[in-house]
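Okay, query_11.cif now, which holds mmCIF, C-alpha atoms:
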data_protein
loop_
_atom_site.label_atom_id
_atom_site.label_comp_id
_atom_site.auth_asym_id
_atom_site.auth_seq_id
_atom_site.Cartn_x
_atom_site.Cartn_y
_atom_site.Cartn_z
CA MET A 1 48.25 -52.20 85.74
CA THR A 2 47.33 -54.23 88.81
CA SER A 3 46.75 -52.60 92.19
CA ARG A 4 49.94 -54.25 93.47
CA SER A 5 52.03 -52.86 90.61
CA ARG A 6 50.45 -49.42 91.05
CA SER A 7 51.34 -49.55 94.74
CA ALA A 8 54.92 -50.58 93.94
CA SER A 9 55.21 -47.77 91.39
CA HIS A 10 53.90 -45.23 93.91
CA SER A 11 56.35 -46.47 96.58
CA ALA A 12 59.24 -46.13 94.18
CA ARG A 13 58.30 -42.54 93.40
CA HIS A 14 57.42 -41.66 97.00
CA PRO A 15 59.57 -43.71 99.39
CA ALA A 16 58.57 -43.74 103.04
CA PRO A 17 60.16 -40.96 105.08
CA ARG A 18 63.41 -41.89 106.73
CA THR A 19 63.03 -42.11 110.50
CA VAL A 20 65.54 -40.42 112.76
CA LEU A 21 65.83 -40.57 116.55
CA VAL A 22 67.46 -37.43 117.98
CA VAL A 23 68.71 -37.87 121.54
CA GLY A 24 68.64 -34.60 123.46
CA ALA A 25 66.31 -31.58 123.38
CA SER A 26 68.59 -28.73 124.40
CA ILE A 27 70.17 -26.79 121.49
CA ALA A 28 71.59 -29.09 118.82
CA GLY A 29 68.68 -31.55 119.12
CA PRO A 30 65.74 -29.23 118.34
CA THR A 31 67.78 -27.44 115.67
CA LEU A 32 68.52 -30.73 113.92
CA ALA A 33 64.88 -31.84 114.29
CA TYR A 34 63.64 -28.60 112.72
CA TRP A 35 65.76 -28.88 109.60
CA LEU A 36 65.21 -32.63 109.21
CA HIS A 37 61.45 -32.16 109.41
CA ARG A 38 61.63 -29.47 106.73
CA SER A 39 63.40 -31.99 104.49
CA GLY A 40 60.72 -34.66 104.93
CA PHE A 41 62.19 -36.87 107.65
CA ALA A 42 60.04 -38.44 110.36
CA VAL A 43 61.74 -37.21 113.54
CA THR A 44 61.50 -38.39 117.13
CA VAL A 45 63.28 -36.47 119.90
CA VAL A 46 63.91 -38.10 123.27
CA GLU A 47 64.97 -36.07 126.31
CA LYS A 48 65.72 -37.41 129.79
CA ALA A 49 64.38 -34.29 131.52
CA HIS A 50 60.65 -34.18 132.16
CA ALA A 51 60.22 -30.94 130.15
CA PRO A 52 62.29 -28.43 128.17
CA ARG A 53 64.97 -27.06 130.46
CA GLY A 54 64.54 -23.46 131.58
CA GLY A 55 66.84 -20.99 133.29
CA GLY A 56 70.56 -21.48 133.01
CA TYR A 57 73.65 -19.37 132.69
CA PRO A 58 73.78 -16.80 129.84
CA ILE A 59 75.20 -18.15 126.59
CA ASP A 60 76.35 -16.56 123.35
CA VAL A 61 75.11 -16.88 119.77
CA ARG A 62 77.68 -15.44 117.41
CA GLY A 63 78.85 -15.27 113.83
CA THR A 64 77.72 -18.13 111.61
CA ALA A 65 75.25 -19.35 114.24
CA LEU A 66 73.25 -16.14 113.83
CA ASP A 67 72.49 -17.19 110.26
CA VAL A 68 71.09 -20.48 111.56
CA VAL A 69 68.63 -18.88 114.01
CA ARG A 70 67.74 -16.24 111.42
CA ARG A 71 66.77 -18.93 108.92
CA MET A 72 64.74 -20.68 111.61
CA GLY A 73 62.75 -17.50 112.21
CA VAL A 74 63.65 -17.18 115.90
CA LEU A 75 66.12 -14.30 115.66
CA PRO A 76 63.55 -11.61 116.61
CA ARG A 77 62.59 -13.60 119.71
CA LEU A 78 66.23 -13.97 120.70
CA ARG A 79 66.94 -10.29 120.12
CA ALA A 80 64.07 -9.48 122.48
CA ALA A 81 65.65 -11.79 125.08
CA HIS A 82 69.16 -10.36 124.62
CA VAL A 83 70.74 -9.78 128.03
CA ASP A 84 72.52 -6.58 126.96
CA THR A 85 75.07 -6.60 129.76
CA GLY A 86 76.52 -3.15 130.33
CA ARG A 87 79.95 -3.92 131.78
CA PHE A 88 82.41 -6.50 133.03
CA THR A 89 84.38 -5.34 136.06
CA PHE A 90 87.57 -7.19 136.95
CA LEU A 91 88.72 -7.06 140.56
CA ASP A 92 91.74 -8.30 142.45
CA ALA A 93 91.41 -10.82 145.27
CA ASP A 94 90.71 -8.04 147.81
CA GLY A 95 88.05 -6.34 145.69
CA GLY A 96 90.16 -3.57 144.19
CA GLU A 97 89.13 -2.62 140.65
CA ILE A 98 91.53 -3.55 137.85
CA VAL A 99 89.44 -2.40 134.89
CA SER A 100 85.83 -2.11 133.73
CA LEU A 101 85.05 -3.06 130.11
CA HIS A 102 82.18 -3.50 127.73
CA PRO A 103 81.53 -7.25 127.30
CA SER A 104 82.17 -7.12 123.54
CA ALA A 105 85.77 -6.09 124.20
CA VAL A 106 86.33 -9.24 126.27
CA ALA A 107 84.45 -11.69 124.04
CA ARG A 108 85.61 -10.12 120.76
CA SER A 109 81.98 -10.12 119.67
CA VAL A 110 80.18 -7.63 117.44
CA GLU A 111 78.05 -5.23 119.46
CA GLY A 112 74.51 -5.00 118.12
CA GLN A 113 74.81 -8.24 116.17
CA ASP A 114 76.02 -11.10 118.35
CA LEU A 115 73.61 -12.18 121.06
CA GLU A 116 73.76 -13.20 124.69
CA VAL A 117 70.65 -14.90 126.05
CA ALA A 118 69.72 -17.10 128.98
CA ARG A 119 70.14 -20.73 127.99
CA GLY A 120 66.47 -21.35 128.80
CA ASP A 121 65.37 -18.59 126.42
CA LEU A 122 67.32 -20.18 123.57
CA THR A 123 66.04 -23.70 124.27
CA ALA A 124 62.45 -22.41 124.56
CA ALA A 125 62.72 -20.62 121.21
CA LEU A 126 64.12 -23.72 119.51
CA TYR A 127 61.54 -26.01 121.14
CA ALA A 128 58.73 -23.81 119.83
CA THR A 129 59.89 -24.46 116.25
CA VAL A 130 59.39 -28.24 116.52
CA ARG A 131 56.85 -28.99 119.22
CA ASP A 132 53.96 -29.31 116.74
CA ASP A 133 55.89 -31.11 114.00
CA VAL A 134 57.97 -33.89 115.54
CA GLU A 135 57.43 -36.61 118.12
CA LEU A 136 58.75 -35.56 121.53
CA LEU A 137 59.46 -38.08 124.30
CA PHE A 138 60.33 -36.53 127.66
CA ASP A 139 61.45 -38.23 130.86
CA ASP A 140 63.17 -41.04 128.97
CA HIS A 141 66.52 -41.91 127.44
CA ILE A 142 68.19 -44.67 125.47
CA VAL A 143 69.98 -47.56 127.16
CA ALA A 144 70.90 -49.83 124.24
CA LEU A 145 71.54 -49.62 120.50
CA ASP A 146 71.59 -52.62 118.17
CA GLU A 147 72.45 -51.73 114.58
CA HIS A 148 71.63 -54.02 111.67
CA GLN A 149 71.31 -53.83 107.91
CA HIS A 150 67.95 -52.09 107.90
CA GLY A 151 68.21 -49.74 110.87
CA VAL A 152 68.96 -49.36 114.57
CA ASP A 153 66.96 -51.13 117.27
CA VAL A 154 66.74 -48.77 120.25
CA THR A 155 65.86 -49.75 123.81
CA PHE A 156 64.64 -46.95 126.08
CA ARG A 157 64.91 -46.73 129.84
CA SER A 158 61.09 -46.89 129.96
CA GLY A 159 61.28 -50.37 128.43
CA ALA A 160 60.00 -49.33 125.01
CA ARG A 161 61.77 -50.73 121.96
CA ARG A 162 61.68 -49.15 118.53
CA THR A 163 63.58 -49.22 115.26
CA PHE A 164 64.86 -46.12 113.43
CA ASP A 165 66.75 -45.65 110.20
CA LEU A 166 69.26 -43.37 111.96
CA VAL A 167 70.14 -42.22 115.48
CA VAL A 168 71.82 -38.92 116.30
CA GLY A 169 73.24 -38.15 119.73
CA ALA A 170 72.79 -34.50 120.68
CA ASP A 171 72.98 -35.21 124.40
CA GLY A 172 75.88 -33.08 125.57
CA VAL A 173 79.47 -33.44 126.62
CA HIS A 174 78.69 -36.48 128.80
CA SER A 175 76.71 -38.12 125.99
CA GLY A 176 75.20 -41.51 126.71
CA THR A 177 74.73 -42.04 122.97
CA ARG A 178 78.46 -41.59 122.42
CA THR A 179 79.25 -44.12 125.11
CA LEU A 180 76.90 -46.70 123.58
CA ALA A 181 78.13 -46.24 120.02
CA PHE A 182 81.79 -45.23 120.39
CA GLY A 183 82.98 -46.21 123.85
CA PRO A 184 83.87 -44.52 127.17
CA GLU A 185 84.10 -40.75 127.40
CA ASP A 186 87.73 -40.76 128.54
CA ARG A 187 88.77 -41.86 125.03
CA PHE A 188 87.64 -38.51 123.64
CA HIS A 189 87.72 -36.04 126.53
CA ARG A 190 90.55 -33.51 126.62
CA TYR A 191 90.73 -32.05 130.11
CA LEU A 192 91.76 -28.38 130.15
CA GLY A 193 92.86 -28.08 133.78
CA TYR A 194 89.88 -26.29 135.36
CA ALA A 195 86.86 -27.25 137.44
CA PHE A 196 83.91 -24.98 138.07
CA ALA A 197 80.64 -24.59 139.94
CA VAL A 198 77.65 -22.55 138.73
CA PHE A 199 74.51 -21.69 140.71
CA THR A 200 72.10 -18.84 141.44
CA THR A 201 72.14 -16.79 144.62
CA PRO A 202 70.42 -13.67 146.03
CA ASN A 203 71.70 -10.37 144.65
CA THR A 204 73.11 -9.00 147.90
CA LEU A 205 75.31 -6.46 146.08
CA GLY A 206 72.43 -4.97 144.08
CA LEU A 207 74.10 -5.61 140.72
CA THR A 208 72.28 -4.63 137.52
CA ARG A 209 73.12 -6.15 134.11
CA GLU A 210 76.78 -6.52 134.91
CA LEU A 211 79.46 -9.02 135.82
CA ARG A 212 82.01 -8.73 138.59
CA MET A 213 84.97 -11.09 138.69
CA TRP A 214 87.49 -11.50 141.50
CA SER A 215 90.76 -13.14 140.45
CA ALA A 216 93.74 -14.70 142.14
CA PRO A 217 96.30 -17.10 140.66
CA GLY A 218 94.52 -20.34 139.85
CA ARG A 219 91.03 -19.26 140.84
CA ALA A 220 88.32 -16.79 139.87
CA ALA A 221 84.88 -16.02 141.26
CA ALA A 222 82.17 -14.08 139.47
CA LEU A 223 78.67 -12.76 140.03
CA TYR A 224 76.68 -12.18 136.87
CA ALA A 225 73.50 -10.10 137.04
CA THR A 226 71.39 -10.49 133.90
CA GLY A 227 68.50 -8.54 135.40
CA GLY A 228 67.88 -5.80 137.93
CA ALA A 229 68.98 -5.24 141.51
CA ASP A 230 66.09 -7.32 142.89
CA ASP A 231 66.76 -10.36 140.69
CA ALA A 232 68.92 -13.34 141.61
CA VAL A 233 72.41 -13.48 140.13
CA HIS A 234 74.43 -16.29 138.59
CA ALA A 235 77.48 -17.24 140.63
CA PHE A 236 80.52 -18.82 139.02
CA LEU A 237 83.51 -20.37 140.81
CA ASN A 238 86.32 -21.51 138.52
CA PHE A 239 89.66 -22.91 139.71
CA HIS A 240 92.72 -24.64 138.36
CA ARG A 241 93.05 -28.34 139.07
CA PRO A 242 95.99 -30.11 137.37
CA ALA A 243 94.41 -33.58 137.50
CA LEU A 244 90.85 -34.39 136.44
CA PRO A 245 88.73 -34.64 139.65
CA SER A 246 86.71 -37.62 138.46
CA HIS A 247 85.39 -38.46 141.92
CA ALA A 248 83.77 -35.04 142.29
CA LEU A 249 81.86 -35.47 139.03
CA ARG A 250 80.08 -38.49 140.47
CA ASP A 251 79.42 -37.13 143.98
CA PRO A 252 77.78 -33.70 144.52
CA ASP A 253 79.07 -33.49 148.09
CA ALA A 254 82.62 -34.17 146.90
CA GLY A 255 82.22 -31.39 144.33
CA ARG A 256 81.18 -28.91 147.02
CA ASP A 257 84.09 -29.97 149.21
CA LEU A 258 86.53 -29.58 146.34
CA VAL A 259 85.31 -26.03 145.63
CA THR A 260 85.43 -25.12 149.32
CA ASP A 261 89.01 -26.36 149.65
CA ALA A 262 90.08 -24.52 146.49
CA TYR A 263 88.85 -21.20 147.91
CA ALA A 264 90.21 -21.56 151.41
CA GLY A 265 91.60 -18.22 152.56
CA ALA A 266 89.76 -16.22 149.90
CA GLY A 267 88.72 -12.65 150.61
CA ARG A 268 85.48 -11.79 152.34
CA GLN A 269 83.37 -11.28 149.22
CA VAL A 270 84.57 -14.46 147.52
CA ALA A 271 84.14 -16.42 150.74
CA GLY A 272 80.54 -15.21 150.79
CA ILE A 273 80.01 -16.66 147.30
CA VAL A 274 81.43 -19.99 148.45
CA ASP A 275 79.08 -19.96 151.45
CA ALA A 276 76.15 -19.27 149.12
CA MET A 277 77.07 -22.34 147.11
CA HIS A 278 76.22 -24.55 150.08
CA GLU A 279 72.72 -23.06 150.17
CA ALA A 280 72.05 -23.33 146.43
CA ASP A 281 69.52 -25.85 145.16
CA ASP A 282 70.61 -25.60 141.51
CA LEU A 283 74.35 -26.22 141.82
CA PHE A 284 76.04 -27.51 138.68
CA PHE A 285 79.61 -28.81 138.99
CA ASP A 286 81.76 -29.89 136.07
CA THR A 287 85.19 -29.54 134.51
CA ALA A 288 86.39 -27.55 131.52
CA GLY A 289 87.12 -29.95 128.70
CA GLN A 290 86.74 -30.61 125.02
CA ILE A 291 85.46 -33.60 123.10
CA ARG A 292 87.80 -34.47 120.25
CA MET A 293 86.89 -37.45 118.08
CA PRO A 294 88.53 -38.89 114.96
CA ARG A 295 85.06 -39.32 113.45
CA TRP A 296 81.54 -38.22 114.37
CA SER A 297 79.64 -41.20 113.01
CA SER A 298 79.68 -44.96 113.24
CA GLY A 299 77.37 -46.87 110.93
CA ARG A 300 73.88 -45.45 111.33
CA VAL A 301 74.72 -43.44 114.48
CA ALA A 302 76.10 -39.89 114.42
CA LEU A 303 76.85 -37.20 116.98
CA VAL A 304 76.39 -33.43 116.93
CA GLY A 305 76.97 -30.48 119.26
CA ASP A 306 78.85 -31.04 122.52
CA ALA A 307 78.43 -34.80 122.15
CA ALA A 308 80.70 -34.67 119.09
CA PHE A 309 82.89 -31.60 119.52
CA ALA A 310 82.39 -29.72 122.79
CA PRO A 311 84.79 -26.74 122.70
CA SER A 312 84.43 -25.92 126.45
CA PHE A 313 83.04 -22.78 128.06
CA LEU A 314 86.50 -21.23 127.76
CA THR A 315 85.82 -20.58 124.06
CA GLY A 316 82.28 -19.25 124.50
CA GLN A 317 81.37 -21.15 121.34
CA GLY A 318 79.55 -24.24 122.58
CA SER A 319 76.04 -23.06 121.67
CA SER A 320 77.13 -21.60 118.34
CA LEU A 321 78.88 -24.81 117.31
CA ALA A 322 75.79 -26.80 118.31
CA LEU A 323 73.55 -24.64 116.11
CA VAL A 324 75.88 -24.70 113.12
CA GLY A 325 76.71 -28.40 113.44
CA ALA A 326 73.03 -29.37 113.59
CA TYR A 327 72.25 -27.32 110.49
CA MET A 328 75.15 -28.83 108.56
CA LEU A 329 74.23 -32.39 109.55
CA ALA A 330 70.60 -31.93 108.52
CA ARG A 331 71.68 -30.38 105.25
CA SER A 332 73.95 -33.33 104.45
CA LEU A 333 71.23 -35.86 105.25
CA ALA A 334 68.81 -33.99 102.97
CA ALA A 335 71.32 -33.92 100.12
CA HIS A 336 72.41 -37.59 100.31
CA ARG A 337 70.06 -40.54 100.39
CA ASP A 338 72.90 -42.78 101.60
CA HIS A 339 73.66 -42.11 105.25
CA VAL A 340 77.33 -43.02 104.87
CA ALA A 341 77.76 -40.34 102.20
CA ALA A 342 75.70 -37.89 104.27
CA PHE A 343 77.76 -38.35 107.42
CA ALA A 344 80.98 -38.04 105.42
CA ALA A 345 79.81 -34.77 103.88
CA TYR A 346 78.74 -33.42 107.27
CA GLU A 347 82.16 -34.06 108.72
CA ARG A 348 84.06 -32.84 105.67
CA ASP A 349 82.15 -29.55 105.55
CA THR A 350 82.03 -28.83 109.29
CA ARG A 351 85.25 -30.10 110.87
CA GLY A 352 87.39 -27.13 109.80
CA PHE A 353 85.00 -24.71 111.52
CA VAL A 354 84.95 -26.84 114.66
CA THR A 355 88.74 -27.13 114.73
CA MET A 356 89.22 -23.37 114.43
CA ASN A 357 86.87 -22.71 117.34
CA GLN A 358 88.27 -25.43 119.58
CA ALA A 359 91.72 -23.95 118.95
CA LEU A 360 90.62 -20.71 120.63
CA VAL A 361 91.72 -22.31 123.90
CA ASP A 362 95.23 -22.90 122.59
CA ASN A 363 95.25 -19.38 121.16
CA GLY A 364 94.53 -17.80 124.52
CA GLY A 365 90.90 -18.69 125.19
CA ALA A 366 91.77 -19.45 128.82
CA ARG A 367 93.59 -16.16 129.33
CA LEU A 368 90.91 -14.85 131.70
CA PHE A 369 91.85 -17.54 134.25
CA PRO A 370 95.63 -17.42 134.75
CA THR A 371 97.23 -19.93 137.09
CA THR A 372 100.31 -17.96 138.23
CA ALA A 373 100.92 -14.47 139.59
CA GLU A 374 103.00 -13.59 136.52
CA ALA A 375 100.26 -14.74 134.14
CA LEU A 376 97.68 -12.83 136.18
CA GLU A 377 99.65 -9.61 135.80
CA ARG A 378 99.94 -10.20 132.04
CA ARG A 379 96.18 -10.74 131.86
CA ASN A 380 95.52 -7.52 133.76
CA THR A 381 97.81 -5.62 131.43
CA MET A 382 95.98 -7.11 128.46
CA LEU A 383 92.61 -6.07 129.91
CA ARG A 384 93.78 -2.51 130.49
CA GLY A 385 94.91 -2.44 126.89
CA LEU A 386 91.45 -3.49 125.74
CA ALA A 387 89.99 -0.52 127.60
CA ALA A 388 92.14 1.80 125.49
CA MET A 389 91.10 0.28 122.14
CA PRO A 390 88.51 2.26 120.14
CA GLU A 391 86.54 -0.92 119.36
CA PRO A 392 87.20 -4.67 119.59
CA THR A 393 88.33 -6.75 116.65
CA PRO A 394 85.84 -9.60 115.98
CA GLU A 395 87.19 -13.11 116.44
CA PRO A 396 87.60 -14.59 112.91
CA ALA A 397 86.77 -18.12 114.07
CA HIS A 398 83.22 -17.11 115.02
CA SER A 399 82.28 -16.43 111.38
CA ALA A 400 84.76 -18.71 109.63
CA LEU A 401 82.08 -20.84 107.96
CA ALA A 402 79.93 -19.25 105.26
CA LEU A 403 76.62 -21.03 105.86
CA PRO A 404 75.39 -22.71 102.66
CA GLU A 405 71.76 -22.62 101.58
CA PRO A 406 69.60 -25.55 102.71
CA ALA A 407 69.90 -28.52 100.37
CA ALA A 408 66.87 -29.69 98.45
CA PRO A 409 65.73 -33.13 99.63
CA TRP A 410 67.63 -35.99 97.97
CA PRO A 411 68.75 -36.04 95.23
CA GLY A 412 68.95 -32.23 95.42
CA ARG A 413 72.05 -30.26 94.78
CA GLY A 414 73.61 -27.50 96.83
CA GLY A 415 76.69 -25.39 96.79
CA LYS A 416 79.57 -26.50 98.96
CA PRO A 417 80.25 -24.46 102.09
CA HIS A 418 83.62 -22.85 102.50
CA LEU A 419 85.72 -21.50 105.33
CA THR A 420 86.51 -17.83 105.24
CA ARG A 421 89.83 -16.77 106.65
CA ARG A 422 90.59 -13.22 107.63
#

Write the structure described by the file as structure tokens, please.
Amino acid sequence: MTSRSRSASHSARHPAPRTVLVVGASIAGPTLAYWLHRSGFAVTVVEKAHAPRGGGYPIDVRGTALDVVRRMGVLPRLRAAHVDTGRFTFLDADGGEIVSLHPSAVARSVEGQDLEVARGDLTAALYATVRDDVELLFDDHIVALDEHQHGVDVTFRSGARRTFDLVVGADGVHSGTRTLAFGPEDRFHRYLGYAFAVFTTPNTLGLTRELRMWSAPGRAAALYATGGADDAVHAFLNFHRPALPSHALRDPDAGRDLVTDAYAGAGRQVAGIVDAMHEADDLFFDTAGQIRMPRWSSGRVALVGDAAFAPSFLTGQGSSLALVGAYMLARSLAAHRDHVAAFAAYERDTRGFVTMNQALVDNGGARLFPTTAEALERRNTMLRGLAAMPEPTPEPAHSALALPEPAAPWPGRGGKPHLTRR
């Protein structure tokens, strides 16, 4: 056998690793990179921030998503970072107490199992699983995609140009990858009628591991202390807005003005939160909305996490869907050499779980933020009822997908996942 024929025979038995560009290094991106690397892919992750993002509002990891982080080996680290909030106290507009509840009663989570961690703690744990195994490009992002028969030519903002077998957008609800590959965001964005501002502020009330929420029809303000009385707190201002305030999404000053106008005439404590917003240097303003797409892939480009199926903060399931979706996508790519078949399997096996969790909004996921006085009274009655229940009933949608075992690299076989309905 000649050296050329031996080389050809070796290449046939050991094809070069498929290259994948993952756009975004928050939650879905590192999770996808971890599982792809385990299956033999050559993975590059690009992130527009200059480093992994720290801090952030507390987020939940529940149900099926717990199996993902357990299999990644980061569950002990996340349990150590668990916020362990003691109570949620709901107040009327003047500060009178309506009811005080354990958080699990409100979220319908399983105490002792489901987790709440700072977003930065989750992203740091996920980043640690891939930082030594995949190529990481910070302070850059993609600006053009050109797909052809043999791959996708990618142009980066830095001016670099590279070719990958596949590209996956894991870059959030306002995904640039989705815009490049599928079109403008407004084709897929379902506005849910709320705008919100989140920021940190000094803990002037001395709160300790607790949340206080003031409510009036169409608006709610909350202070969330994830630490002690000397630590800063997360402030949250959420208000009903019938029409999408597109202008405020593009202009930070317009966002502040919109929030200020929405809370005109608020009580003294809420007015103090609004004043603190103007002093905050980490203000984040956005709207509550979902991304709903007829398909999550186009050619050699796919989407995952909020870029594909953001459920909105009203469901509390954004991070969990990102973790589960990334696992399922990586599993499908490992099981199918053909990317078309892989993307089809990913969507077939994951969409039912996504749909159930997005539907939490239609099933009352926005009930904490009523827009009328009558709805507010119904919410308060519901909350008082929760206080009388011996223990909360877990939300079936959180654990509706029985996570399958990782697939062996192509042409491996694996059992099909299934939805569990309770």

If the PyMOL selection byres ((chain A and resi 144) around 6) were run on this exact file, what residues would it hold? Put them as number ranges by chain. A: 142-143, 145, 154-155

Using the chain letters and numbers from the file, give me the residues hit by the PyMOL selection byres ((chain A and resi 298) around 12), as a ChimeraX atom specification. /A:145,147,152,166-169,177-183,293-297,299-303,308,339-340,343-344

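Residues in contact with Phe313 (chain A) at 10 Å, where only C-alpha atoms are counted and same-chain residues fewer than 3 positions away are skipped, are listed as A:Ile59, A:Thr287, A:Ala288, A:Gly289, A:Gln290, A:Ala310, A:Gly316, A:Gln317, A:Gly318, A:Ser319, A:Val361, A:Gly365, A:Ala366.
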
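Using only C-alpha atoms, the nearest neighbour of Arg212 (chain A) within the list A:Val23, A:Met277, A:Leu237, A:Ala125 is A:Leu237.
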
Go through the shown structure with the PyMOL selection byres ((chain A and resi 266) around 12) and write out the matching residues as a PyMOL selection string. chain A and resi 92-95+214-221+237+259-265+267-275

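Across the structure, CA of Gly63 (chain A) and CA of Thr315 (chain A) are spaced 13.5 Å apart.
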
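Shortest separation to Val304 (chain A) among A:Arg87, A:Arg292, A:His102, A:His336 occurs at residue A:Arg292, atoms counted being only C-alpha atoms.
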
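Atom pair CA of Thr372 (chain A) / CA of Val106 (chain A): separated by 20.4 Å.
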
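In this model, the gap between CA of Glu405 (chain A) and CA of Ala80 (chain A) comes to 25.9 Å.
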
Which residues, protein or nucleic acid, reach to within 12 Å of (69.1, -18.5, 128.8) in the file's coordinates when using only C-alpha atoms, and can you give that as a PyMOL selection string? chain A and resi 26-27+53-61+78+81-83+115-126+226-227+234+319

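Among the candidates A:Met382, A:Ala388, A:Leu321, A:Ala49, the one nearest to Thr355 (chain A) when counting all atoms listed in the file is A:Leu321.
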
Complete region 336-342 of chain A with all heavy atoms (output as a PDB file, in the frame of the given file).
ATOM      1  N   HIS A 336      71.883 -36.261 100.630  1.00  0.00           N
ATOM      2  CA  HIS A 336      72.410 -37.590 100.310  1.00  0.00           C
ATOM      3  C   HIS A 336      71.453 -38.662 100.839  1.00  0.00           C
ATOM      4  O   HIS A 336      71.231 -38.747 102.046  1.00  0.00           O
ATOM      5  CB  HIS A 336      73.796 -37.796 100.931  1.00  0.00           C
ATOM      6  CG  HIS A 336      74.821 -36.809 100.455  1.00  0.00           C
ATOM      7  ND1 HIS A 336      75.543 -36.980  99.300  1.00  0.00           N
ATOM      8  CD2 HIS A 336      75.229 -35.639 100.990  1.00  0.00           C
ATOM      9  CE1 HIS A 336      76.371 -35.961  99.148  1.00  0.00           C
ATOM     10  NE2 HIS A 336      76.199 -35.126 100.157  1.00  0.00           N
ATOM     11  N   ARG A 337      70.937 -39.463  99.958  1.00  0.00           N
ATOM     12  CA  ARG A 337      70.060 -40.540 100.390  1.00  0.00           C
ATOM     13  C   ARG A 337      70.823 -41.569 101.228  1.00  0.00           C
ATOM     14  O   ARG A 337      70.289 -42.123 102.185  1.00  0.00           O
ATOM     15  CB  ARG A 337      69.432 -41.224  99.171  1.00  0.00           C
ATOM     16  CG  ARG A 337      68.462 -42.360  99.504  1.00  0.00           C
ATOM     17  CD  ARG A 337      67.174 -41.831 100.103  1.00  0.00           C
ATOM     18  NE  ARG A 337      66.289 -42.911 100.538  1.00  0.00           N
ATOM     19  CZ  ARG A 337      65.123 -42.715 101.133  1.00  0.00           C
ATOM     20  NH1 ARG A 337      64.704 -41.479 101.354  1.00  0.00           N
ATOM     21  NH2 ARG A 337      64.378 -43.715 101.521  1.00  0.00           N
ATOM     22  N   ASP A 338      72.076 -41.810 100.879  1.00  0.00           N
ATOM     23  CA  ASP A 338      72.900 -42.780 101.600  1.00  0.00           C
ATOM     24  C   ASP A 338      73.472 -42.127 102.848  1.00  0.00           C
ATOM     25  O   ASP A 338      74.155 -41.101 102.772  1.00  0.00           O
ATOM     26  CB  ASP A 338      74.023 -43.279 100.697  1.00  0.00           C
ATOM     27  CG  ASP A 338      74.973 -44.204 101.424  1.00  0.00           C
ATOM     28  OD1 ASP A 338      74.509 -45.245 101.909  1.00  0.00           O
ATOM     29  OD2 ASP A 338      76.163 -43.853 101.528  1.00  0.00           O
ATOM     30  N   HIS A 339      73.218 -42.740 103.998  1.00  0.00           N
ATOM     31  CA  HIS A 339      73.660 -42.110 105.250  1.00  0.00           C
ATOM     32  C   HIS A 339      75.173 -42.071 105.371  1.00  0.00           C
ATOM     33  O   HIS A 339      75.718 -41.147 105.985  1.00  0.00           O
ATOM     34  CB  HIS A 339      73.047 -42.829 106.456  1.00  0.00           C
ATOM     35  CG  HIS A 339      73.495 -44.250 106.629  1.00  0.00           C
ATOM     36  ND1 HIS A 339      72.892 -45.312 105.988  1.00  0.00           N
ATOM     37  CD2 HIS A 339      74.510 -44.785 107.368  1.00  0.00           C
ATOM     38  CE1 HIS A 339      73.495 -46.432 106.330  1.00  0.00           C
ATOM     39  NE2 HIS A 339      74.479 -46.145 107.160  1.00  0.00           N
ATOM     40  N   VAL A 340      75.873 -43.027 104.798  1.00  0.00           N
ATOM     41  CA  VAL A 340      77.330 -43.020 104.870  1.00  0.00           C
ATOM     42  C   VAL A 340      77.879 -41.788 104.139  1.00  0.00           C
ATOM     43  O   VAL A 340      78.748 -41.073 104.651  1.00  0.00           O
ATOM     44  CB  VAL A 340      77.917 -44.315 104.270  1.00  0.00           C
ATOM     45  CG1 VAL A 340      79.442 -44.238 104.241  1.00  0.00           C
ATOM     46  CG2 VAL A 340      77.454 -45.531 105.070  1.00  0.00           C
ATOM     47  N   ALA A 341      77.337 -41.528 102.950  1.00  0.00           N
ATOM     48  CA  ALA A 341      77.760 -40.340 102.200  1.00  0.00           C
ATOM     49  C   ALA A 341      77.351 -39.069 102.936  1.00  0.00           C
ATOM     50  O   ALA A 341      78.100 -38.080 102.951  1.00  0.00           O
ATOM     51  CB  ALA A 341      77.158 -40.371 100.801  1.00  0.00           C
ATOM     52  N   ALA A 342      76.178 -39.070 103.551  1.00  0.00           N
ATOM     53  CA  ALA A 342      75.700 -37.890 104.270  1.00  0.00           C
ATOM     54  C   ALA A 342      76.586 -37.568 105.464  1.00  0.00           C
ATOM     55  O   ALA A 342      76.985 -36.415 105.670  1.00  0.00           O
ATOM     56  CB  ALA A 342      74.262 -38.110 104.726  1.00  0.00           C
TER      57      ALA A 342
END
